[in-house]
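Data block for model.pdb (PDB, N, CA and C atoms):
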```pdb
MODEL        1
ATOM      1  N   MET A   1      -4.209  -2.866  31.515  1.00  0.00           N
ATOM      2  CA  MET A   1      -3.271  -3.045  30.423  1.00  0.00           C
ATOM      3  C   MET A   1      -2.731  -4.472  30.471  1.00  0.00           C
ATOM      4  N   SER A   2      -2.349  -4.946  29.323  1.00  0.00           N
ATOM      5  CA  SER A   2      -1.782  -6.276  29.282  1.00  0.00           C
ATOM      6  C   SER A   2      -0.376  -6.260  29.870  1.00  0.00           C
ATOM      7  N   GLU A   3       0.095  -7.434  30.218  1.00  0.00           N
ATOM      8  CA  GLU A   3       1.418  -7.548  30.827  1.00  0.00           C
ATOM      9  C   GLU A   3       2.511  -7.037  29.904  1.00  0.00           C
ATOM     10  N   SER A   4       2.386  -7.284  28.608  1.00  0.00           N
ATOM     11  CA  SER A   4       3.423  -6.813  27.677  1.00  0.00           C
ATOM     12  C   SER A   4       3.443  -5.293  27.586  1.00  0.00           C
ATOM     13  N   VAL A   5       2.268  -4.662  27.650  1.00  0.00           N
ATOM     14  CA  VAL A   5       2.228  -3.202  27.618  1.00  0.00           C
ATOM     15  C   VAL A   5       2.857  -2.649  28.892  1.00  0.00           C
ATOM     16  N   GLU A   6       2.543  -3.223  30.022  1.00  0.00           N
ATOM     17  CA  GLU A   6       3.131  -2.787  31.292  1.00  0.00           C
ATOM     18  C   GLU A   6       4.652  -2.909  31.256  1.00  0.00           C
ATOM     19  N   THR A   7       5.153  -3.990  30.666  1.00  0.00           N
ATOM     20  CA  THR A   7       6.595  -4.194  30.560  1.00  0.00           C
ATOM     21  C   THR A   7       7.221  -3.115  29.683  1.00  0.00           C
ATOM     22  N   ILE A   8       6.587  -2.818  28.565  1.00  0.00           N
ATOM     23  CA  ILE A   8       7.103  -1.795  27.659  1.00  0.00           C
ATOM     24  C   ILE A   8       7.102  -0.428  28.343  1.00  0.00           C
ATOM     25  N   VAL A   9       6.032  -0.110  29.044  1.00  0.00           N
ATOM     26  CA  VAL A   9       5.952   1.179  29.745  1.00  0.00           C
ATOM     27  C   VAL A   9       7.035   1.258  30.819  1.00  0.00           C
ATOM     28  N   ALA A  10       7.216   0.181  31.570  1.00  0.00           N
ATOM     29  CA  ALA A  10       8.237   0.167  32.617  1.00  0.00           C
ATOM     30  C   ALA A  10       9.624   0.389  32.028  1.00  0.00           C
ATOM     31  N   GLU A  11       9.879  -0.184  30.872  1.00  0.00           N
ATOM     32  CA  GLU A  11      11.177   0.012  30.225  1.00  0.00           C
ATOM     33  C   GLU A  11      11.284   1.420  29.629  1.00  0.00           C
ATOM     34  N   ALA A  12      10.175   1.924  29.098  1.00  0.00           N
ATOM     35  CA  ALA A  12      10.196   3.244  28.462  1.00  0.00           C
ATOM     36  C   ALA A  12      10.492   4.353  29.467  1.00  0.00           C
ATOM     37  N   VAL A  13       9.972   4.237  30.679  1.00  0.00           N
ATOM     38  CA  VAL A  13      10.214   5.305  31.656  1.00  0.00           C
ATOM     39  C   VAL A  13      11.673   5.350  32.098  1.00  0.00           C
ATOM     40  N   GLN A  14      12.421   4.314  31.805  1.00  0.00           N
ATOM     41  CA  GLN A  14      13.841   4.289  32.137  1.00  0.00           C
ATOM     42  C   GLN A  14      14.701   4.985  31.080  1.00  0.00           C
ATOM     43  N   LEU A  15      14.106   5.259  29.932  1.00  0.00           N
ATOM     44  CA  LEU A  15      14.847   5.914  28.844  1.00  0.00           C
ATOM     45  C   LEU A  15      15.081   7.385  29.169  1.00  0.00           C
ATOM     46  N   PRO A  16      16.127   7.976  28.584  1.00  0.00           N
ATOM     47  CA  PRO A  16      16.320   9.422  28.710  1.00  0.00           C
ATOM     48  C   PRO A  16      15.147  10.146  28.033  1.00  0.00           C
ATOM     49  N   PRO A  17      14.842  11.368  28.475  1.00  0.00           N
ATOM     50  CA  PRO A  17      13.692  12.092  27.928  1.00  0.00           C
ATOM     51  C   PRO A  17      13.654  12.179  26.406  1.00  0.00           C
ATOM     52  N   ASP A  18      14.790  12.420  25.762  1.00  0.00           N
ATOM     53  CA  ASP A  18      14.775  12.542  24.300  1.00  0.00           C
ATOM     54  C   ASP A  18      14.388  11.234  23.636  1.00  0.00           C
ATOM     55  N   GLN A  19      14.813  10.115  24.210  1.00  0.00           N
ATOM     56  CA  GLN A  19      14.459   8.821  23.637  1.00  0.00           C
ATOM     57  C   GLN A  19      12.993   8.475  23.910  1.00  0.00           C
ATOM     58  N   ARG A  20      12.469   8.924  25.058  1.00  0.00           N
ATOM     59  CA  ARG A  20      11.037   8.719  25.334  1.00  0.00           C
ATOM     60  C   ARG A  20      10.197   9.485  24.320  1.00  0.00           C
ATOM     61  N   LEU A  21      10.625  10.713  23.997  1.00  0.00           N
ATOM     62  CA  LEU A  21       9.895  11.492  22.998  1.00  0.00           C
ATOM     63  C   LEU A  21       9.956  10.841  21.625  1.00  0.00           C
ATOM     64  N   THR A  22      11.117  10.321  21.273  1.00  0.00           N
ATOM     65  CA  THR A  22      11.252   9.624  19.995  1.00  0.00           C
ATOM     66  C   THR A  22      10.337   8.407  19.956  1.00  0.00           C
ATOM     67  N   LEU A  23      10.313   7.645  21.040  1.00  0.00           N
ATOM     68  CA  LEU A  23       9.443   6.466  21.119  1.00  0.00           C
ATOM     69  C   LEU A  23       7.980   6.868  20.993  1.00  0.00           C
ATOM     70  N   ALA A  24       7.573   7.912  21.716  1.00  0.00           N
ATOM     71  CA  ALA A  24       6.184   8.377  21.653  1.00  0.00           C
ATOM     72  C   ALA A  24       5.819   8.808  20.237  1.00  0.00           C
ATOM     73  N   HIS A  25       6.728   9.522  19.592  1.00  0.00           N
ATOM     74  CA  HIS A  25       6.474   9.976  18.219  1.00  0.00           C
ATOM     75  C   HIS A  25       6.307   8.782  17.283  1.00  0.00           C
ATOM     76  N   LYS A  26       7.161   7.792  17.425  1.00  0.00           N
ATOM     77  CA  LYS A  26       7.071   6.617  16.553  1.00  0.00           C
ATOM     78  C   LYS A  26       5.761   5.863  16.781  1.00  0.00           C
ATOM     79  N   ILE A  27       5.342   5.734  18.043  1.00  0.00           N
ATOM     80  CA  ILE A  27       4.082   5.040  18.335  1.00  0.00           C
ATOM     81  C   ILE A  27       2.905   5.819  17.751  1.00  0.00           C
ATOM     82  N   LEU A  28       2.911   7.134  17.939  1.00  0.00           N
ATOM     83  CA  LEU A  28       1.823   7.945  17.387  1.00  0.00           C
ATOM     84  C   LEU A  28       1.779   7.874  15.867  1.00  0.00           C
ATOM     85  N   SER A  29       2.935   7.850  15.233  1.00  0.00           N
ATOM     86  CA  SER A  29       2.954   7.806  13.767  1.00  0.00           C
ATOM     87  C   SER A  29       2.393   6.493  13.234  1.00  0.00           C
ATOM     88  N   ILE A  30       2.439   5.454  14.044  1.00  0.00           N
ATOM     89  CA  ILE A  30       1.879   4.162  13.630  1.00  0.00           C
ATOM     90  C   ILE A  30       0.353   4.212  13.609  1.00  0.00           C
ATOM     91  N   VAL A  31      -0.247   4.930  14.560  1.00  0.00           N
ATOM     92  CA  VAL A  31      -1.702   4.910  14.691  1.00  0.00           C
ATOM     93  C   VAL A  31      -2.399   6.077  14.003  1.00  0.00           C
ATOM     94  N   GLU A  32      -1.668   7.137  13.684  1.00  0.00           N
ATOM     95  CA  GLU A  32      -2.283   8.273  13.015  1.00  0.00           C
ATOM     96  C   GLU A  32      -2.491   7.968  11.543  1.00  0.00           C
ATOM     97  N   PRO A  33      -3.640   8.364  11.014  1.00  0.00           N
ATOM     98  CA  PRO A  33      -3.869   8.136   9.584  1.00  0.00           C
ATOM     99  C   PRO A  33      -2.937   9.000   8.745  1.00  0.00           C
ATOM    100  N   GLU A  34      -2.604   8.514   7.592  1.00  0.00           N
ATOM    101  CA  GLU A  34      -1.777   9.279   6.658  1.00  0.00           C
ATOM    102  C   GLU A  34      -2.577  10.470   6.158  1.00  0.00           C
ATOM    103  N   PRO A  35      -1.982  11.655   6.167  1.00  0.00           N
ATOM    104  CA  PRO A  35      -2.717  12.810   5.639  1.00  0.00           C
ATOM    105  C   PRO A  35      -2.894  12.669   4.134  1.00  0.00           C
ATOM    106  N   SER A  36      -4.020  13.142   3.668  1.00  0.00           N
ATOM    107  CA  SER A  36      -4.281  13.079   2.231  1.00  0.00           C
ATOM    108  C   SER A  36      -3.702  14.319   1.555  1.00  0.00           C
ATOM    109  N   ALA A  37      -3.533  14.233   0.271  1.00  0.00           N
ATOM    110  CA  ALA A  37      -3.045  15.376  -0.501  1.00  0.00           C
ATOM    111  C   ALA A  37      -4.031  16.535  -0.380  1.00  0.00           C
ATOM    112  N   GLU A  38      -5.314  16.221  -0.308  1.00  0.00           N
ATOM    113  CA  GLU A  38      -6.342  17.250  -0.166  1.00  0.00           C
ATOM    114  C   GLU A  38      -6.203  17.966   1.178  1.00  0.00           C
ATOM    115  N   THR A  39      -5.965  17.212   2.234  1.00  0.00           N
ATOM    116  CA  THR A  39      -5.790  17.815   3.560  1.00  0.00           C
ATOM    117  C   THR A  39      -4.541  18.677   3.590  1.00  0.00           C
ATOM    118  N   ASP A  40      -3.446  18.176   3.043  1.00  0.00           N
ATOM    119  CA  ASP A  40      -2.208  18.960   2.988  1.00  0.00           C
ATOM    120  C   ASP A  40      -2.409  20.258   2.220  1.00  0.00           C
ATOM    121  N   ALA A  41      -3.121  20.188   1.114  1.00  0.00           N
ATOM    122  CA  ALA A  41      -3.368  21.383   0.306  1.00  0.00           C
ATOM    123  C   ALA A  41      -4.231  22.385   1.074  1.00  0.00           C
ATOM    124  N   ALA A  42      -5.220  21.883   1.799  1.00  0.00           N
ATOM    125  CA  ALA A  42      -6.075  22.766   2.589  1.00  0.00           C
ATOM    126  C   ALA A  42      -5.274  23.466   3.683  1.00  0.00           C
ATOM    127  N   TRP A  43      -4.382  22.720   4.354  1.00  0.00           N
ATOM    128  CA  TRP A  43      -3.536  23.336   5.380  1.00  0.00           C
ATOM    129  C   TRP A  43      -2.601  24.364   4.761  1.00  0.00           C
ATOM    130  N   ASP A  44      -2.045  24.065   3.600  1.00  0.00           N
ATOM    131  CA  ASP A  44      -1.168  25.027   2.917  1.00  0.00           C
ATOM    132  C   ASP A  44      -1.921  26.324   2.621  1.00  0.00           C
ATOM    133  N   ARG A  45      -3.152  26.208   2.129  1.00  0.00           N
ATOM    134  CA  ARG A  45      -3.958  27.400   1.841  1.00  0.00           C
ATOM    135  C   ARG A  45      -4.228  28.182   3.125  1.00  0.00           C
ATOM    136  N   GLU A  46      -4.580  27.479   4.194  1.00  0.00           N
ATOM    137  CA  GLU A  46      -4.873  28.135   5.466  1.00  0.00           C
ATOM    138  C   GLU A  46      -3.643  28.865   6.007  1.00  0.00           C
ATOM    139  N   ILE A  47      -2.498  28.228   5.931  1.00  0.00           N
ATOM    140  CA  ILE A  47      -1.260  28.848   6.416  1.00  0.00           C
ATOM    141  C   ILE A  47      -0.939  30.093   5.607  1.00  0.00           C
ATOM    142  N   ARG A  48      -1.026  29.978   4.284  1.00  0.00           N
ATOM    143  CA  ARG A  48      -0.738  31.134   3.427  1.00  0.00           C
ATOM    144  C   ARG A  48      -1.717  32.281   3.698  1.00  0.00           C
ATOM    145  N   ASP A  49      -3.000  31.933   3.893  1.00  0.00           N
ATOM    146  CA  ASP A  49      -4.003  32.949   4.180  1.00  0.00           C
ATOM    147  C   ASP A  49      -3.706  33.647   5.509  1.00  0.00           C
ATOM    148  N   ARG A  50      -3.383  32.889   6.525  1.00  0.00           N
ATOM    149  CA  ARG A  50      -3.082  33.494   7.827  1.00  0.00           C
ATOM    150  C   ARG A  50      -1.834  34.363   7.760  1.00  0.00           C
ATOM    151  N   MET A  51      -0.811  33.908   7.036  1.00  0.00           N
ATOM    152  CA  MET A  51       0.410  34.707   6.897  1.00  0.00           C
ATOM    153  C   MET A  51       0.118  36.014   6.168  1.00  0.00           C
ATOM    154  N   ALA A  52      -0.679  35.950   5.127  1.00  0.00           N
ATOM    155  CA  ALA A  52      -1.018  37.156   4.374  1.00  0.00           C
ATOM    156  C   ALA A  52      -1.816  38.127   5.246  1.00  0.00           C
ATOM    157  N   ARG A  53      -2.749  37.609   6.030  1.00  0.00           N
ATOM    158  CA  ARG A  53      -3.541  38.465   6.919  1.00  0.00           C
ATOM    159  C   ARG A  53      -2.669  39.067   8.010  1.00  0.00           C
ATOM    160  N   TYR A  54      -1.715  38.299   8.517  1.00  0.00           N
ATOM    161  CA  TYR A  54      -0.787  38.825   9.530  1.00  0.00           C
ATOM    162  C   TYR A  54       0.070  39.936   8.914  1.00  0.00           C
ATOM    163  N   ASP A  55       0.631  39.654   7.737  1.00  0.00           N
ATOM    164  CA  ASP A  55       1.473  40.644   7.052  1.00  0.00           C
ATOM    165  C   ASP A  55       0.700  41.920   6.734  1.00  0.00           C
ATOM    166  N   ALA A  56      -0.605  41.788   6.481  1.00  0.00           N
ATOM    167  CA  ALA A  56      -1.440  42.950   6.160  1.00  0.00           C
ATOM    168  C   ALA A  56      -1.911  43.675   7.422  1.00  0.00           C
ATOM    169  N   GLY A  57      -1.551  43.155   8.579  1.00  0.00           N
ATOM    170  CA  GLY A  57      -1.948  43.796   9.831  1.00  0.00           C
ATOM    171  C   GLY A  57      -3.354  43.446  10.287  1.00  0.00           C
ATOM    172  N   GLU A  58      -3.953  42.452   9.661  1.00  0.00           N
ATOM    173  CA  GLU A  58      -5.315  42.058  10.018  1.00  0.00           C
ATOM    174  C   GLU A  58      -5.350  41.107  11.222  1.00  0.00           C
ATOM    175  N   LEU A  59      -4.234  40.487  11.509  1.00  0.00           N
ATOM    176  CA  LEU A  59      -4.121  39.567  12.640  1.00  0.00           C
ATOM    177  C   LEU A  59      -2.958  39.982  13.516  1.00  0.00           C
ATOM    178  N   GLN A  60      -3.074  39.687  14.800  1.00  0.00           N
ATOM    179  CA  GLN A  60      -1.965  39.926  15.706  1.00  0.00           C
ATOM    180  C   GLN A  60      -1.522  38.591  16.288  1.00  0.00           C
ATOM    181  N   ALA A  61      -0.240  38.486  16.542  1.00  0.00           N
ATOM    182  CA  ALA A  61       0.300  37.270  17.144  1.00  0.00           C
ATOM    183  C   ALA A  61       0.144  37.348  18.660  1.00  0.00           C
ATOM    184  N   SER A  62       0.060  36.172  19.279  1.00  0.00           N
ATOM    185  CA  SER A  62       0.012  36.077  20.735  1.00  0.00           C
ATOM    186  C   SER A  62       1.221  35.287  21.200  1.00  0.00           C
ATOM    187  N   PRO A  63       1.821  35.698  22.321  1.00  0.00           N
ATOM    188  CA  PRO A  63       2.950  34.932  22.845  1.00  0.00           C
ATOM    189  C   PRO A  63       2.512  33.491  23.180  1.00  0.00           C
ATOM    190  N   ALA A  64       3.382  32.547  22.893  1.00  0.00           N
ATOM    191  CA  ALA A  64       3.056  31.137  23.128  1.00  0.00           C
ATOM    192  C   ALA A  64       2.654  30.892  24.572  1.00  0.00           C
ATOM    193  N   ALA A  65       3.322  31.530  25.521  1.00  0.00           N
ATOM    194  CA  ALA A  65       2.994  31.328  26.939  1.00  0.00           C
ATOM    195  C   ALA A  65       1.543  31.694  27.219  1.00  0.00           C
ATOM    196  N   GLU A  66       1.056  32.771  26.589  1.00  0.00           N
ATOM    197  CA  GLU A  66      -0.343  33.166  26.774  1.00  0.00           C
ATOM    198  C   GLU A  66      -1.295  32.163  26.148  1.00  0.00           C
ATOM    199  N   VAL A  67      -0.950  31.673  24.976  1.00  0.00           N
ATOM    200  CA  VAL A  67      -1.798  30.689  24.290  1.00  0.00           C
ATOM    201  C   VAL A  67      -1.908  29.426  25.123  1.00  0.00           C
ATOM    202  N   PHE A  68      -0.780  28.914  25.611  1.00  0.00           N
ATOM    203  CA  PHE A  68      -0.812  27.688  26.398  1.00  0.00           C
ATOM    204  C   PHE A  68      -1.516  27.884  27.731  1.00  0.00           C
ATOM    205  N   ALA A  69      -1.368  29.059  28.344  1.00  0.00           N
ATOM    206  CA  ALA A  69      -2.066  29.345  29.597  1.00  0.00           C
ATOM    207  C   ALA A  69      -3.580  29.351  29.365  1.00  0.00           C
ATOM    208  N   GLU A  70      -4.017  29.929  28.259  1.00  0.00           N
ATOM    209  CA  GLU A  70      -5.438  29.945  27.927  1.00  0.00           C
ATOM    210  C   GLU A  70      -5.954  28.534  27.676  1.00  0.00           C
ATOM    211  N   LEU A  71      -5.189  27.723  26.963  1.00  0.00           N
ATOM    212  CA  LEU A  71      -5.593  26.328  26.735  1.00  0.00           C
ATOM    213  C   LEU A  71      -5.700  25.578  28.049  1.00  0.00           C
ATOM    214  N   ASP A  72      -4.730  25.752  28.933  1.00  0.00           N
ATOM    215  CA  ASP A  72      -4.784  25.111  30.253  1.00  0.00           C
ATOM    216  C   ASP A  72      -6.041  25.537  31.000  1.00  0.00           C
ATOM    217  N   ARG A  73      -6.345  26.834  30.968  1.00  0.00           N
ATOM    218  CA  ARG A  73      -7.518  27.348  31.658  1.00  0.00           C
ATOM    219  C   ARG A  73      -8.793  26.706  31.110  1.00  0.00           C
ATOM    220  N   ARG A  74      -8.903  26.624  29.788  1.00  0.00           N
ATOM    221  CA  ARG A  74     -10.094  26.032  29.171  1.00  0.00           C
ATOM    222  C   ARG A  74     -10.230  24.538  29.467  1.00  0.00           C
ATOM    223  N   LEU A  75      -9.120  23.837  29.476  1.00  0.00           N
ATOM    224  CA  LEU A  75      -9.161  22.393  29.685  1.00  0.00           C
ATOM    225  C   LEU A  75      -9.415  22.013  31.134  1.00  0.00           C
ATOM    226  N   GLN A  76      -9.218  22.924  32.057  1.00  0.00           N
ATOM    227  CA  GLN A  76      -9.425  22.631  33.462  1.00  0.00           C
ATOM    228  C   GLN A  76     -10.880  22.790  33.877  1.00  0.00           C
ATOM    229  N   LYS A  77     -11.729  23.276  33.021  1.00  0.00           N
ATOM    230  CA  LYS A  77     -13.157  23.452  33.344  1.00  0.00           C
ATOM    231  C   LYS A  77     -13.861  22.131  33.397  1.00  0.00           C
TER     232      LYS A  77
ENDMDL
END
```

As a first step, turn the structure in this file into structure tokens.
Amino acid sequence: MSESVETIVAEAVQLPPDQRLTLAHKILSIVEPEPSAETDAAWDREIRDRMARYDAGELQASPAAEVFAELDRRLQK
């Protein structure tokens, strides 16, 4: 890493956790592409479809702890 990046990281780790998260979010928002209206519409349709299927009893919810444990298990392979 360049010296300026190292300096920024060294200063960032001194911040309180909430400010580190805010900084990380701001940095990510700079590099992430802007979502398109088409992508937003597709996500809206997907969310509505999943909610309707859940309400109809076609889907079951999983506790977040189980979902994250499964992701951890898969990523450790």

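Across the structure, CA of Val67 (chain A) and CA of Val13 (chain A) are spaced 29.0 Å apart.
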
Got a sec to tell me which of chain A DSSP assigns to helix (DSSP H, G or I), as an NGL selection string? :A and (3-12 or 17-31 or 37-55 or 64-75)

Rows by chain and residue number, region 9-42 of chain A within 10 Å of region 46-52 of chain A, shortest pair, only C-alpha atoms, as a Markdown table:
```
| residue | atom | partner | partner_atom | distance |
| --- | --- | --- | --- | --- |
| A:Asp40 | CA | A:Glu46 | CA | 9.9 |
| A:Ala41 | CA | A:Glu46 | CA | 8.6 |
| A:Ala42 | CA | A:Glu46 | CA | 6.2 |
```

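One distance worth recording is that between CA of Lys26 (chain A) and CA of Ala12 (chain A), which is 12.8 Å.
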
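One distance worth recording is that between CA of Val9 (chain A) and CA of Leu71 (chain A), which is 27.8 Å.
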
Mind giving me the axis-aligned box for region 36-46 of chain A with 6 Å on every side, centre plus edges in Å to one decimal, as JSON?
```
{"center_x": -3.8, "center_y": 21.0, "center_z": 2.8, "size_x": 17.2, "size_y": 27.8, "size_z": 18.5}
```
